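Below is one structure, written out as structure tokens; comments come after it.
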Amino acid sequence: MTEELLLPVIARLQSISARGIASSNMLAALDPSATSYASEASGALYLRLTEGTGDYLLLLRRELVETLVWAGNPDKADSLDESGRLRPRASFAAWKETVRGYSQPWSDLELENASFVREHLLRLRESEKLRKSEEQIRYLAKFDPLTGLLNRHAINVKLEQCVKQAESDHSQIVVLFVDLDHFKPINDRYGHAAGDRILKITAKRMQHQVRSEDCAGRLGGDEFIIILPGLSLETNVLKVVERILRTVEEPIEIEGGANVHVTASIGLSRYPIDATTSEALISRSDMAMYRVKETGGNAFNLFRADVAQDENNTTG
Amino acid sequence: MDLLAERVNPLPNLAECAREPIQIIGHIQPHGLLFALSEPDLIIRQVSINVGTLLKMSPETLLGCSIESVLGAQQFETFRSQVLNNEPLSAKLLRIPASGQLLEMHCISHRYDGVLIVELDLAQGTHSLEPIELDSHVQIPLTRMELATEIPELFRLAAEEIRRLSGFDRVMVYRFDKSWIGEVIAEAVGATLPVLYLGSRFPESDIPAQARQLFLMNPSRSIADVAAIPVPIIPEIGPVTGKPLDLTRSALRSAAPIHLKYLRNMEVQSSMTLSIVVNHHLWGLMACHGGGPHRLDQPTRSVCELLVQIFASQVTLRINNAALQSRLTSRGTLEKYGRRRSVRIIGPSRALSKCSAPRFVGSRRFGVAHRRSHIVSRRNRD
């Protein structure tokens, strides 16, 4: 039996339901289509869970074939005589009838209990909905909905935590500022959907290249931050950066079949050598990234205090 | 028991005829007299014409006279004070003067539809339990019924006791289902008679809506002799009320011709039907059949009515108890189920496939799902 088969009966039950409940112990009386599955289901109890043609709970009952003994043929219980008067049946001899197409009727108590179950399910659904929307809010507070990376706020918080940790155990941190090259023209040419897809795929690829203790986040637009705690130039950080550049530039197929090549510019700043606060670490990696852009992108660059100083001098 | 709860009436075209008002039948059975009085003057406004044969009085002459001319001065005084004081108009054995002799008659009075109806029921020729001993007639059956552990046993006992008290040949407990189809669930017969109707069903139209309404209002209904010729009440339209007399609560009311024919076809010549009212609802009937003419005097009928009321209260008690019990049980199950934090909602196809194994569903879990039931749930993508 399938739901499609039951749909006509369900529609009828829905239309006759009162306070969200309807029942029948003879489905064929509701809709003739029910005769085709009478032996499997002849009765139904319908509980509406949402308004309109929404969710419902349906309990089905099998056919109960019973042989009844009538005191005389009930179809001839009364008839009209020649003068149009009602005339009782002449014989009260036992008359057997096999009743088909009926299920055991739903008792008042069963209907009452069904109403209880329905209310409980409604409450359950409500609390489920509430729980989901709370989860959604909590998620949005921390993550970027497009890429699933940490959002600007969360990456700042994370970096502050890492700085505190590094202060206490005298470790180092490397912060990468990643900016995609020529992203705006790509967006303009292929559209925002393609742009979003590129951002999503790039984010995923970058996340693949870092360890679980590292953190990737999206500041907005095509700007990303990657925090690599415990790493330094002496360790493998440059290899990681190199891998990120390579993975980003792999072609991305967008809708319509075109392959798009994107490259990234990456600026590095280090704790505690370049800066000791999270804001400064991000702004200095940003500065370093900017240097890469000036030289054409698709490369990385370390923050250098003297260059930054120069810049400050020229701009200030 | 309610197998046919939602069965459709097979004869919808006859429903119209079923609405014929049987309470305005204009006739009574011949074994008594009926007087319709206006108040407070207690003047006879309508009368059954058999005052002529029973009391040797002309019905036309009686119209406009005080009921005193029937009861005699002394009995009238008692009657008048009772009516004036609005005392319950209980049955009384009166001696009614009839051309020089005195007829013993039970007087039953009631008010209905603005009319005081006085019925005099001939004591002679009745089945009587007198002297009425409540101890043996009611106390013993009551104790037996209370001791009956199983409900079918209670039904059987009740039928037996009513047969013993009433002297009818066959007594049946007739239970209605939700669609008013009747089923004989107990049948008591005299030693020489066969059990005929136990387990048989009777269509709704056998006891149509207006008859059920009368049964709900009156504790009993007697037909002394199917062959007796009904006695008209004159005039047909009450001069004070301007309406035909409403015999809803009359004990002597004549039966509808179709019902008399029905009884004849059943080979029944006399009947008494007692209403079994449970929770203000006509639960069923105690149907008593006689092969020959048979009627009970008023006190005996009262005892039968009382016993059936006791029986009805036993049924009420047991039904309500069972309902309470199962309500408590299922509430407990539901509460327990309600405390579970999570419920998995599965799609209809999975639900249907799961349900092919009957143990998956069942009252254990939901209280509402029969063991042989299926569950289908549907979840829309929202």
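In the structure tokens, chains take the letters A, B, ... in the order shown, each chain's residues start at 1, and ligands count up from 1 in the order shown.
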| task | Quick one: everything within 7 Å of range 40-46 of chain B, counting only C-alpha atoms, minus sequence neighbours fewer than 4 positions away in the same chain. Send it as a count of residues only. | result | 13
Within 12 Å of Ser212 in chain A using only C-alpha atoms, minus same-chain residues under 3 positions, as a list in words
Gln207, His208, Gln209, Cys215, Ala216, Ile226, Ile227, Leu228 and Pro229 of chain A
ask   = Neighbours of range 243-259 of chain A within 12 Å (only C-alpha atoms; same-chain residues fewer than 3 positions away dropped), as JSON, numbers by chain?
value = {"A": [176, 177, 178, 179, 180, 181, 186, 187, 189, 190, 191, 192, 193, 194, 195, 196, 197, 198, 199, 200, 201, 202, 203, 204, 205, 206, 207, 208, 209, 210, 216, 224, 226, 236, 237, 238, 239, 240, 262, 263, 264, 265, 266, 267, 297, 298, 299, 300, 301]}
Just list the residues in range 45-134 of chain A DSSP gives strand (DSSP E or B) on the backbone, as a count of residues only. 30
### Task
Return as a list in words the full set of residues in range 160-212 of chain B whose backbone-based DSSP assignment is helix (DSSP H, G or I).
Glu160, Glu161, Ile162, Arg163, Arg164, Leu165, Ser166, Glu204, Ser205, Asp206, Ala209, Gln210, Ala211 and Arg212 of chain B
**Request:** Tell me the residues of chain A close to chain B, meaning within 7 Å using only C-alpha atoms, as a PyMOL selection string.
**Result:** chain A and resi 2-3+25+54-62+69-71+74-75+77+86-88+90-92+104-105+109-110+113-114+120
Could you write out the selected residues, including C-alpha atoms, as a JSON list (two decimals), in the first residue's frame?
[["chain", "number", "residue", "atom", "x", "y", "z"],
["A", 2, "THR", "CA", 1.25, 3.49, -0.81],
["A", 3, "GLU", "CA", 0.42, 6.96, 0.34],
["A", 25, "ASN", "CA", -14.80, 2.56, 10.06],
["A", 54, "GLY", "CA", 0.07, 19.83, 5.84],
["A", 55, "ASP", "CA", 1.31, 17.08, 8.09],
["A", 56, "TYR", "CA", -0.93, 14.46, 9.58],
["A", 57, "LEU", "CA", -0.92, 11.20, 11.44],
["A", 58, "LEU", "CA", -3.07, 8.43, 10.04],
["A", 59, "LEU", "CA", -3.96, 5.22, 11.84],
["A", 60, "LEU", "CA", -5.44, 2.47, 9.70],
["A", 61, "ARG", "CA", -7.54, -0.48, 10.69],
["A", 62, "ARG", "CA", -7.97, -3.74, 8.87],
["A", 69, "VAL", "CA", -27.66, -12.59, 12.25],
["A", 70, "TRP", "CA", -30.64, -10.36, 11.65],
["A", 71, "ALA", "CA", -34.16, -10.98, 12.86],
["A", 74, "PRO", "CA", -33.04, -5.94, 7.29],
["A", 75, "ASP", "CA", -33.30, -4.67, 3.75],
["A", 77, "ALA", "CA", -37.41, -4.27, 7.39],
["A", 86, "LEU", "CA", -45.42, 1.63, 6.15],
["A", 87, "ARG", "CA", -45.56, -2.14, 6.47],
["A", 88, "PRO", "CA", -43.27, -4.24, 8.69],
["A", 90, "ALA", "CA", -43.47, -10.53, 7.45],
["A", 91, "SER", "CA", -40.71, -12.84, 8.61],
["A", 92, "PHE", "CA", -38.44, -12.54, 11.59],
["A", 104, "GLN", "CA", -13.80, -2.27, 14.12],
["A", 105, "PRO", "CA", -15.21, 1.15, 14.98],
["A", 109, "LEU", "CA", -11.90, 6.53, 24.35],
["A", 110, "GLU", "CA", -9.70, 5.92, 21.34],
["A", 113, "ASN", "CA", -6.70, 9.43, 23.31],
["A", 114, "ALA", "CA", -6.04, 10.36, 19.71],
["A", 120, "HIS", "CA", 1.28, 16.15, 22.35]]
Inset, instruction - Fewer than 4 positions away in the same chain doesn't count, so skip those; otherwise give me all residues within 7 Å of range 245-249 of chain B, counting only C-alpha atoms, as an MDAnalysis selection string. - result: chainID B and resid 23:24 26 214 218 237:238 253
